[in-house]
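These notes concern the structure reproduced below.
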Amino acid sequence: MVTIQIPASVDATMSMIGYEPKTTFWMDFSIAERFGIEAIIDTFKRAFKEWHTDHIYLTELVMVLNHKIWQWYEKSDSIARVYDKLWRKADEWAQENLHGKELQYFYEVTD
């Protein structure tokens, strides 16, 4: 039997700024990381497909992806680059498709 250890269930950076997570995205990606890049991409595809129209969850997805870039940039360039690509896709979609109060929420939370 193989035991998979996940170091943290919540992004420490989010906690430091007083943001209360509303999803399990951080944990979902942390688990996917144990299974490799394809699992990370699959996790993104499923999360984005399900939640891209919910501006609050989309905002948190963008934040998690951004924080994952920083978590990995010194440890694994390949994982950091995957997170960067996914972050750019989600961030661009949010900026092009959110409007009014939803876009304002996105900018206030991610600023």
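Residue numbering restarts at 1 in every chain; chains get A, B, ... in the order shown in the structure tokens, and ligands count up from 1 in that same order.
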Quiz item: DSSP says helix (DSSP H, G or I) for which residues of region 19-107 of chain A? Put them as a PyMOL selection string?
Solution: chain A and resi 25-33+37-51+55-72+77-97+100-107
Exercise. Give me the residues within 10 Å of Lys22 (chain A) as a VMD selection string, counting only C-alpha atoms and dropping any in the same chain fewer than 2 places off.
Key: chain A and resid 19 to 20 24 to 25 56 to 57 60
Write a file of the selected residues as a compact mmCIF listing (two decimals), in the first residue's frame, keeping N, CA and C atoms.
```txt
# COMPACT_ATOMS: atom_id res chain seq x y z
N TYR A 19 -8.05 35.56 3.27
CA TYR A 19 -9.03 35.00 2.34
C TYR A 19 -9.47 33.64 2.85
N GLU A 20 -10.76 33.43 2.90
CA GLU A 20 -11.33 32.16 3.33
C GLU A 20 -11.70 31.34 2.09
N THR A 24 -12.36 23.38 -2.85
CA THR A 24 -11.29 22.43 -2.54
C THR A 24 -10.20 22.47 -3.61
N PHE A 25 -10.15 23.54 -4.39
CA PHE A 25 -9.20 23.60 -5.51
C PHE A 25 -7.75 23.37 -5.06
N ILE A 56 -17.16 33.62 -8.42
CA ILE A 56 -16.46 33.45 -7.14
C ILE A 56 -15.52 32.25 -7.22
N TYR A 57 -16.02 31.15 -7.72
CA TYR A 57 -15.18 29.95 -7.85
C TYR A 57 -14.10 30.15 -8.90
N GLU A 60 -11.30 32.08 -7.36
CA GLU A 60 -10.46 31.25 -6.51
C GLU A 60 -9.60 30.30 -7.33
```
Quiz item: Could you pull the residues within 12 Å of Trp51 (chain A), counting only C-alpha atoms, minus those fewer than 5 positions along the same chain, as a list of chain:residue names?
Solution: A:Thr23, A:Phe25, A:Thr43, A:Phe44, A:Lys45, A:Arg46, A:Ile56, A:Tyr57, A:Leu58, A:Thr59, A:Glu60, A:Leu61, A:Val62, A:Ala90, A:Ala94
Would you output that residue set with C-alpha atoms, as a compact mmCIF listing (two decimals), in the first residue's frame?
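Okay, this is what ended up in out_37.txt:
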```
# COMPACT_ATOMS: atom_id res chain seq x y z
CA THR A 23 -13.56 25.44 -2.74
CA PHE A 25 -9.20 23.60 -5.51
CA THR A 43 -7.92 18.57 -12.75
CA PHE A 44 -7.86 22.00 -14.36
CA LYS A 45 -10.06 20.90 -17.27
CA ARG A 46 -12.67 19.44 -14.93
CA ILE A 56 -16.46 33.45 -7.14
CA TYR A 57 -15.18 29.95 -7.85
CA LEU A 58 -13.43 31.11 -11.02
CA THR A 59 -11.67 33.81 -9.01
CA GLU A 60 -10.46 31.25 -6.51
CA LEU A 61 -9.32 28.93 -9.29
CA VAL A 62 -7.22 31.75 -10.76
CA ALA A 90 -8.27 31.04 -16.68
CA ALA A 94 -12.15 35.84 -16.54
```
Quiz item: Between A:Met63, A:Met27, A:Ala47, A:Ile40, which is the closest to Trp87 (chain A) once you count only C-alpha atoms?
Solution: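 For Trp87 (chain A), the nearest of the given residues is A:Met63.
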